[in-house]
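Colleague: Next comes entry16.cif, mmCIF, C-alpha atoms:
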data_protein
#
loop_
_atom_site.label_atom_id
_atom_site.label_comp_id
_atom_site.auth_asym_id
_atom_site.auth_seq_id
_atom_site.Cartn_x
_atom_site.Cartn_y
_atom_site.Cartn_z
CA MET A 19 4.79 -5.41 14.58
CA ASN A 20 6.44 -2.44 16.26
CA GLY A 21 4.67 0.26 18.27
CA LEU A 22 4.42 2.91 15.57
CA THR A 23 3.02 0.44 13.04
CA PHE A 24 0.47 -0.75 15.60
CA ILE A 25 -0.69 2.83 16.26
CA LEU A 26 -1.25 3.44 12.54
CA PHE A 27 -3.16 0.16 12.22
CA VAL A 28 -5.40 1.26 15.10
CA VAL A 29 -5.95 4.69 13.55
CA PHE A 30 -6.67 3.18 10.14
CA GLY A 31 -9.00 0.62 11.70
CA THR A 32 -10.90 3.37 13.49
CA LEU A 33 -11.24 5.41 10.30
CA SER A 34 -12.43 2.41 8.32
CA SER A 35 -14.69 0.86 10.94
CA GLY A 36 -18.43 0.96 10.81
CA ASN A 37 -21.30 -1.39 10.36
CA GLY A 38 -20.56 -1.76 6.65
CA ASP A 39 -24.20 -1.23 5.68
CA PHE A 40 -23.98 1.29 2.86
CA GLU A 41 -26.69 2.05 0.37
CA GLU A 42 -25.75 1.07 -3.18
CA LYS A 43 -25.37 4.68 -4.34
CA SER A 44 -22.95 5.50 -1.50
CA ALA A 45 -20.95 2.26 -1.56
CA ASN A 46 -17.82 4.04 -2.79
CA PHE A 47 -18.01 6.89 -0.29
CA HIS A 48 -15.79 7.09 2.77
CA PRO A 49 -15.46 10.14 4.99
CA VAL A 50 -11.69 9.89 4.50
CA HIS A 51 -9.62 8.49 1.67
CA VAL A 52 -6.65 6.78 3.23
CA SER A 53 -4.36 3.84 2.66
CA PHE A 54 -1.68 2.37 4.89
CA THR A 55 1.66 0.90 3.83
CA SER A 56 4.20 -0.83 6.02
CA VAL A 57 7.75 -1.31 4.69
CA GLU A 58 9.73 -3.37 7.17
CA TYR A 59 13.18 -4.85 6.64
CA ASN A 60 13.67 -8.48 7.70
CA THR A 61 17.39 -8.89 8.34
CA ASP A 62 17.26 -12.70 8.52
CA LYS A 63 15.52 -13.07 5.14
CA LYS A 64 17.34 -10.11 3.53
CA GLN A 65 14.12 -8.60 2.27
CA PHE A 66 11.57 -5.88 2.90
CA ASN A 67 8.13 -7.13 3.85
CA ILE A 68 5.63 -4.69 2.39
CA LEU A 69 1.96 -4.53 3.29
CA PHE A 70 -0.60 -2.29 1.60
CA LYS A 71 -4.00 -1.79 3.22
CA ILE A 72 -6.57 -0.16 0.93
CA PHE A 73 -10.37 0.04 1.05
CA ALA A 74 -11.54 -2.85 -1.12
CA ASP A 75 -14.39 -1.00 -2.83
CA ASP A 76 -12.10 1.89 -3.76
CA PHE A 77 -9.48 -0.49 -5.11
CA ASP A 78 -12.09 -2.34 -7.20
CA ARG A 79 -13.23 1.02 -8.51
CA ILE A 80 -9.77 2.25 -9.55
CA ILE A 81 -8.90 -1.04 -11.26
CA ASP A 82 -12.19 -0.90 -13.18
CA LYS A 83 -11.64 2.77 -14.07
CA LYS A 84 -8.00 2.38 -15.22
CA TYR A 85 -8.03 -1.05 -16.84
CA ASN A 86 -11.72 -1.75 -17.47
CA VAL A 87 -11.49 -4.88 -15.27
CA PHE A 88 -13.92 -5.40 -12.40
CA LEU A 89 -12.25 -7.72 -9.87
CA ASN A 90 -14.93 -7.60 -7.15
CA LEU A 91 -12.32 -8.14 -4.43
CA GLU A 92 -14.67 -6.36 -2.05
CA ASN A 93 -16.88 -9.46 -2.08
CA GLY A 94 -14.03 -11.90 -1.64
CA HIS A 95 -13.64 -12.78 -5.33
CA LYS A 96 -10.18 -13.55 -6.61
CA PRO A 97 -10.59 -14.16 -10.34
CA ASP A 98 -7.85 -15.86 -12.34
CA GLY A 99 -5.03 -13.43 -13.03
CA TYR A 100 -6.13 -10.91 -10.37
CA ASP A 101 -2.60 -10.80 -8.97
CA LYS A 102 -1.22 -9.53 -12.29
CA ILE A 103 -3.64 -6.61 -12.55
CA VAL A 104 -3.22 -5.78 -8.84
CA SER A 105 0.57 -5.77 -9.22
CA LYS A 106 0.35 -3.69 -12.39
CA TYR A 107 -1.43 -0.97 -10.43
CA ILE A 108 0.92 -1.20 -7.44
CA LEU A 109 4.00 -0.97 -9.69
CA GLU A 110 2.59 2.16 -11.36
CA HIS A 111 2.05 3.88 -8.00
CA PHE A 112 4.72 2.62 -5.60
CA LYS A 113 8.47 2.22 -5.77
CA ILE A 114 11.58 1.96 -3.65
CA VAL A 115 14.74 3.48 -5.08
CA VAL A 116 17.91 2.39 -3.28
CA ASP A 117 21.11 4.40 -3.79
CA ASN A 118 19.59 5.99 -6.93
CA LYS A 119 18.78 2.58 -8.46
CA ASP A 120 15.18 1.55 -9.06
CA TYR A 121 14.79 -2.23 -8.91
CA THR A 122 11.13 -2.14 -7.93
CA VAL A 123 9.84 -3.91 -11.05
CA SER A 124 12.31 -6.79 -10.73
CA ARG A 125 12.34 -7.15 -6.94
CA LEU A 126 8.80 -6.36 -5.73
CA LYS A 127 6.93 -9.68 -5.64
CA PHE A 128 3.28 -10.25 -4.73
CA THR A 129 2.77 -13.02 -2.16
CA HIS A 130 -0.92 -12.91 -1.25
CA LEU A 131 -4.08 -10.89 -0.63
CA GLU A 132 -6.36 -10.90 2.38
CA LEU A 133 -9.77 -9.28 2.79
CA LYS A 134 -10.43 -7.96 6.29
CA GLU A 135 -12.74 -5.25 7.59
CA LYS A 136 -13.76 -4.00 4.11
CA ALA A 137 -10.10 -3.56 3.19
CA ILE A 138 -7.70 -5.54 1.07
CA TRP A 139 -4.31 -6.32 2.52
CA LEU A 140 -1.77 -6.81 -0.24
CA HIS A 141 1.40 -8.61 0.87
CA TYR A 142 4.64 -8.18 -1.06
CA ILE A 143 8.32 -8.86 -0.57
CA TYR A 144 11.26 -6.87 -1.96
CA LYS A 145 14.55 -8.79 -1.92
CA TYR A 146 17.44 -6.63 -0.75
CA LYS A 147 20.78 -7.96 0.51
CA GLY A 148 22.85 -4.81 0.79
CA ASP A 149 23.19 -2.06 3.30
CA SER A 150 22.20 1.40 2.24
CA VAL A 151 21.93 4.90 3.63
CA HIS A 152 19.84 6.43 0.83
CA PHE A 153 16.25 5.48 -0.02
CA GLU A 154 13.59 7.18 -2.10
CA LEU A 155 10.02 6.08 -1.52
CA TRP A 156 7.27 6.87 -4.02
CA ASN A 157 3.60 6.38 -3.16
CA SER A 158 0.73 7.73 -5.24
CA LEU A 159 -1.78 4.96 -4.50
CA MET A 160 -5.38 5.97 -5.17
CA THR A 161 -4.45 9.60 -5.92
CA ASP A 162 -5.73 8.99 -9.44
CA LEU A 163 -9.17 8.35 -7.91
CA TYR A 164 -9.37 10.87 -5.03
CA TYR A 165 -7.83 14.33 -4.91
CA ASP A 166 -7.85 14.21 -1.08
CA GLN A 167 -6.21 10.79 -0.81
CA THR A 168 -3.73 10.33 2.05
CA ASN A 169 -1.27 7.46 2.07
CA LEU A 170 0.35 6.74 5.41
CA LEU A 171 3.59 4.77 5.31
CA ILE A 172 5.82 3.38 8.04
CA PHE A 173 9.38 2.62 6.98
CA ASN A 174 11.56 0.37 9.19
CA TYR A 175 15.15 -0.40 8.26
CA HIS A 176 17.38 -1.86 10.96
CA SER A 177 17.00 0.62 13.86
CA PHE A 178 15.72 3.47 11.64
CA GLN A 179 11.99 4.16 11.67
CA LYS A 180 9.99 6.89 9.99
CA ALA A 181 6.30 7.65 9.48
CA ILE A 182 5.52 9.40 6.20
CA ARG A 183 2.35 11.01 4.88
CA PHE A 184 1.94 11.03 1.10
CA THR A 185 -0.74 13.08 -0.69
CA ASN A 186 -1.63 14.12 -4.22
CA ASP A 187 0.90 16.95 -3.88
CA LYS A 188 3.58 14.88 -2.15
CA THR A 189 4.31 11.47 -3.66
CA LYS A 190 8.04 11.16 -2.95
CA GLU A 191 10.13 11.04 0.23
CA VAL A 192 13.93 10.88 0.35
CA LEU A 193 15.48 9.20 3.38
CA SER A 194 19.11 9.44 4.43
CA ILE A 195 19.98 6.97 7.15
CA ASN A 196 23.14 7.64 9.10
#
Could you write out this file's structure as structure tokens?

Modeller:
Amino acid sequence: MNGLTFILFVVFGTLSSGNGDFEEKSANFHPVHVSFTSVEYNTDKKQFNILFKIFADDFDRIIDKKYNVFLNLENGHKPDGYDKIVSKYILEHFKIVVDNKDYTVSRLKFTHLELKEKAIWLHYIYKYKGDSVHFELWNSLMTDLYYDQTNLLIFNYHSFQKAIRFTNDKTKEVLSIN
């Protein structure tokens, strides 16, 4: 993990920390609505390793709201087929377009989910063998639940690194790497 990614993990951890003792009626309330995404290219494996960190209770809530499926990931449950519904949501709200070609649906593959510190950590890979200088990143995670949602993303590709802030009003970033 590089320095910039570590700093964002620390910031996100600080924003999401607490004793976790919420009353039932305020269980879905956080003082900030934030997610973190790391997109890091692994040259040896010719793939992007992608990590999404999202508050578990919020994610359960959006899945229930959109698809009428209550996963209860917040309590460590992983019901049969959870990966399909999780990936359905991710694919509707995140994509990588390389050189004006969107292969997200065919290349973004779920590997596993972890629950840590009241957040789910969704691990994905995106196979990519070529070299490119043009990327478009789309991130609208949780914006369909919270109008003030902020999605922080760190993009690492070879020696290029960029931190991006996505919001309800800004869901796309174009990167030209020279």

Colleague: Determine, using only C-alpha atoms, which residues of segment 101-172 of chain A have any atom at most 9 Å from an atom of segment 78-82 of chain A, and tabulate each with its shortest atom pair and distance in Å to one decimal place, rows ordered by chain and then rising number, as CSV.

Modeller:
residue,atom,partner,partner_atom,distance
A:Ile103,CA,A:Ile81,CA,7.8
A:Val104,CA,A:Ile81,CA,7.8
A:Tyr107,CA,A:Ile81,CA,7.5
A:Met160,CA,A:Ile80,CA,7.2
A:Asp162,CA,A:Ile80,CA,7.9
A:Leu163,CA,A:Ile80,CA,6.3

Colleague: Which residues match the PyMOL selection byres ((chain A and resi 121) around 12) in the file above, as number ranges by chain?

Modeller: A: 109, 112-120, 122-127, 144-146, 153-154

Colleague: For the atom pair atom CA of Glu92 of chain A and atom CA of Ser158 of chain A, what is the interatomic distance in Å to one decimal place?

Modeller: 21.1 Å

Colleague: Taking into account only C-alpha atoms, which residue in the set A:Val192, A:Val151, A:Ala74, A:Ile108 is nearest to Lys134 of chain A?

Modeller: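 Residue with the minimum atom-to-atom distance to Lys134 of chain A: A:Ala74.
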
Colleague: Just to confirm, what's the straight-line distance from atom CA of Asp187 of chain A to atom CA of Phe88 of chain A in Å (one decimal)?

Modeller: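 Going from atom CA of Asp187 of chain A over to atom CA of Phe88 of chain A, I get 28.1 Å.
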
Colleague: Compare A:Leu140, A:Leu155, A:Ile195, A:Leu69 by their minimum atom-to-atom distance to Ser56 of chain A, counting all atoms listed in the file, and give me the closest one.

Modeller: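 Comparing A:Leu140, A:Leu155, A:Ile195, A:Leu69 against Ser56 of chain A, the winner is A:Leu69.
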
Colleague: Step by step, work through what the PyMOL selection byres ((chain A and resi 157) around 9) selects in the shown file, and finish by giving those residues as a ChimeraX atom specification.

Modeller: /A:111-113,155-156,158-159,169,171,184-185,188-191

Colleague: Between A:Phe66, A:Trp139, A:Phe73, A:Phe128, which one has atoms that come closest to Phe173 of chain A, using only C-alpha atoms?

Modeller: A:Phe66

Colleague: From the list A:Gln167, A:Thr129, A:Asn196, A:Arg183, which residue is nearest Pro49 of chain A when using all atoms listed in the file?

Modeller: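 Going through A:Gln167, A:Thr129, A:Asn196, A:Arg183 one by one, the smallest distance to Pro49 of chain A is for A:Gln167.
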
Colleague: Could you tell me which of A:Tyr100, A:Phe70, A:Tyr85, A:Tyr175 comes closest to His141 of chain A if we count only C-alpha atoms?

Modeller: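 Looking at the shortest contact to His141 of chain A, the residue is A:Phe70.
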
Colleague: Here is a test: counting only C-alpha atoms, which residue of A:Asn86, A:Ile182, A:Lys147, A:Ile72 is nearest to Leu131 of chain A?

Modeller: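 The closest residue to Leu131 of chain A is A:Ile72.
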
Colleague: What separation in Å, quoted to one decimal, exists between atom CA of Ser105 of chain A and atom CA of Lys63 of chain A?

Modeller: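 Atom CA of Lys63 of chain A lies 22.0 Å from atom CA of Ser105 of chain A.
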
Colleague: Kindly complete segment 143-177 of chain A to N, CA and C atoms; the output should be written as an mmCIF file, keeping the file's coordinate frame.

Modeller:
data_model
loop_
_atom_site.group_PDB
_atom_site.id
_atom_site.type_symbol
_atom_site.label_atom_id
_atom_site.label_comp_id
_atom_site.auth_asym_id
_atom_site.auth_seq_id
_atom_site.Cartn_x
_atom_site.Cartn_y
_atom_site.Cartn_z
ATOM 1 N N ILE A 143 6.948 -8.850 -1.063
ATOM 2 C CA ILE A 143 8.320 -8.860 -0.570
ATOM 3 C C ILE A 143 9.190 -8.136 -1.606
ATOM 4 N N TYR A 144 10.291 -7.566 -1.118
ATOM 5 C CA TYR A 144 11.260 -6.870 -1.960
ATOM 6 C C TYR A 144 12.626 -7.359 -1.502
ATOM 7 N N LYS A 145 13.244 -8.229 -2.283
ATOM 8 C CA LYS A 145 14.550 -8.790 -1.920
ATOM 9 C C LYS A 145 15.605 -7.690 -1.933
ATOM 10 N N TYR A 146 16.382 -7.636 -0.841
ATOM 11 C CA TYR A 146 17.440 -6.630 -0.750
ATOM 12 C C TYR A 146 18.508 -7.110 0.213
ATOM 13 N N LYS A 147 19.710 -7.388 -0.309
ATOM 14 C CA LYS A 147 20.780 -7.960 0.510
ATOM 15 C C LYS A 147 21.778 -6.939 1.019
ATOM 16 N N GLY A 148 21.812 -5.770 0.443
ATOM 17 C CA GLY A 148 22.850 -4.810 0.790
ATOM 18 C C GLY A 148 22.498 -3.936 1.977
ATOM 19 N N ASP A 149 23.427 -3.088 2.297
ATOM 20 C CA ASP A 149 23.190 -2.060 3.300
ATOM 21 C C ASP A 149 23.205 -0.734 2.562
ATOM 22 N N SER A 150 22.301 0.129 2.920
ATOM 23 C CA SER A 150 22.200 1.400 2.240
ATOM 24 C C SER A 150 21.933 2.516 3.228
ATOM 25 N N VAL A 151 22.237 3.731 2.819
ATOM 26 C CA VAL A 151 21.930 4.900 3.630
ATOM 27 C C VAL A 151 21.021 5.869 2.881
ATOM 28 N N HIS A 152 20.657 5.532 1.637
ATOM 29 C CA HIS A 152 19.840 6.430 0.830
ATOM 30 C C HIS A 152 18.673 5.672 0.189
ATOM 31 N N PHE A 153 17.468 6.080 0.544
ATOM 32 C CA PHE A 153 16.250 5.480 -0.020
ATOM 33 C C PHE A 153 15.348 6.592 -0.536
ATOM 34 N N GLU A 154 14.676 6.333 -1.627
ATOM 35 C CA GLU A 154 13.590 7.180 -2.100
ATOM 36 C C GLU A 154 12.344 6.309 -2.131
ATOM 37 N N LEU A 155 11.287 6.788 -1.518
ATOM 38 C CA LEU A 155 10.020 6.080 -1.520
ATOM 39 C C LEU A 155 9.011 6.892 -2.319
ATOM 40 N N TRP A 156 8.295 6.246 -3.195
ATOM 41 C CA TRP A 156 7.270 6.870 -4.020
ATOM 42 C C TRP A 156 5.939 6.181 -3.732
ATOM 43 N N ASN A 157 4.919 6.953 -3.436
ATOM 44 C CA ASN A 157 3.600 6.380 -3.160
ATOM 45 C C ASN A 157 2.532 7.350 -3.666
ATOM 46 N N SER A 158 1.848 6.949 -4.709
ATOM 47 C CA SER A 158 0.730 7.730 -5.240
ATOM 48 C C SER A 158 -0.531 6.870 -5.337
ATOM 49 N N LEU A 159 -0.622 5.852 -4.488
ATOM 50 C CA LEU A 159 -1.780 4.960 -4.500
ATOM 51 C C LEU A 159 -3.074 5.748 -4.371
ATOM 52 N N MET A 160 -4.012 5.452 -5.200
ATOM 53 C CA MET A 160 -5.380 5.970 -5.170
ATOM 54 C C MET A 160 -5.491 7.473 -5.429
ATOM 55 N N THR A 161 -4.372 8.159 -5.637
ATOM 56 C CA THR A 161 -4.450 9.600 -5.920
ATOM 57 C C THR A 161 -5.060 9.861 -7.281
ATOM 58 N N ASP A 162 -5.087 8.848 -8.137
ATOM 59 C CA ASP A 162 -5.730 8.990 -9.440
ATOM 60 C C ASP A 162 -7.242 8.775 -9.341
ATOM 61 N N LEU A 163 -7.735 8.483 -8.137
ATOM 62 C CA LEU A 163 -9.170 8.350 -7.910
ATOM 63 C C LEU A 163 -9.692 9.478 -7.029
ATOM 64 N N TYR A 164 -8.933 9.848 -5.990
ATOM 65 C CA TYR A 164 -9.370 10.870 -5.030
ATOM 66 C C TYR A 164 -8.328 11.966 -4.889
ATOM 67 N N TYR A 165 -8.747 13.203 -5.049
ATOM 68 C CA TYR A 165 -7.830 14.330 -4.910
ATOM 69 C C TYR A 165 -7.378 14.515 -3.459
ATOM 70 N N ASP A 166 -8.195 14.043 -2.494
ATOM 71 C CA ASP A 166 -7.850 14.210 -1.080
ATOM 72 C C ASP A 166 -7.262 12.945 -0.456
ATOM 73 N N GLN A 167 -6.783 12.047 -1.289
ATOM 74 C CA GLN A 167 -6.210 10.790 -0.810
ATOM 75 C C GLN A 167 -4.985 11.045 0.065
ATOM 76 N N THR A 168 -4.898 10.329 1.181
ATOM 77 C CA THR A 168 -3.730 10.330 2.050
ATOM 78 C C THR A 168 -3.210 8.907 2.140
ATOM 79 N N ASN A 169 -1.911 8.760 1.970
ATOM 80 C CA ASN A 169 -1.270 7.460 2.070
ATOM 81 C C ASN A 169 -0.253 7.513 3.206
ATOM 82 N N LEU A 170 -0.538 6.799 4.262
ATOM 83 C CA LEU A 170 0.350 6.740 5.410
ATOM 84 C C LEU A 170 1.319 5.571 5.217
ATOM 85 N N LEU A 171 2.580 5.801 5.504
ATOM 86 C CA LEU A 171 3.590 4.770 5.310
ATOM 87 C C LEU A 171 4.526 4.760 6.506
ATOM 88 N N ILE A 172 4.816 3.573 6.996
ATOM 89 C CA ILE A 172 5.820 3.380 8.040
ATOM 90 C C ILE A 172 6.989 2.638 7.407
ATOM 91 N N PHE A 173 8.170 3.208 7.539
ATOM 92 C CA PHE A 173 9.380 2.620 6.980
ATOM 93 C C PHE A 173 10.280 2.197 8.138
ATOM 94 N N ASN A 174 10.658 0.924 8.173
ATOM 95 C CA ASN A 174 11.560 0.370 9.190
ATOM 96 C C ASN A 174 12.741 -0.299 8.502
ATOM 97 N N TYR A 175 13.932 0.186 8.826
ATOM 98 C CA TYR A 175 15.150 -0.400 8.260
ATOM 99 C C TYR A 175 16.183 -0.454 9.368
ATOM 100 N N HIS A 176 16.517 -1.652 9.802
ATOM 101 C CA HIS A 176 17.380 -1.860 10.960
ATOM 102 C C HIS A 176 16.798 -1.062 12.142
ATOM 103 N N SER A 177 17.526 -0.139 12.715
ATOM 104 C CA SER A 177 17.000 0.620 13.860
ATOM 105 C C SER A 177 16.328 1.936 13.438
#
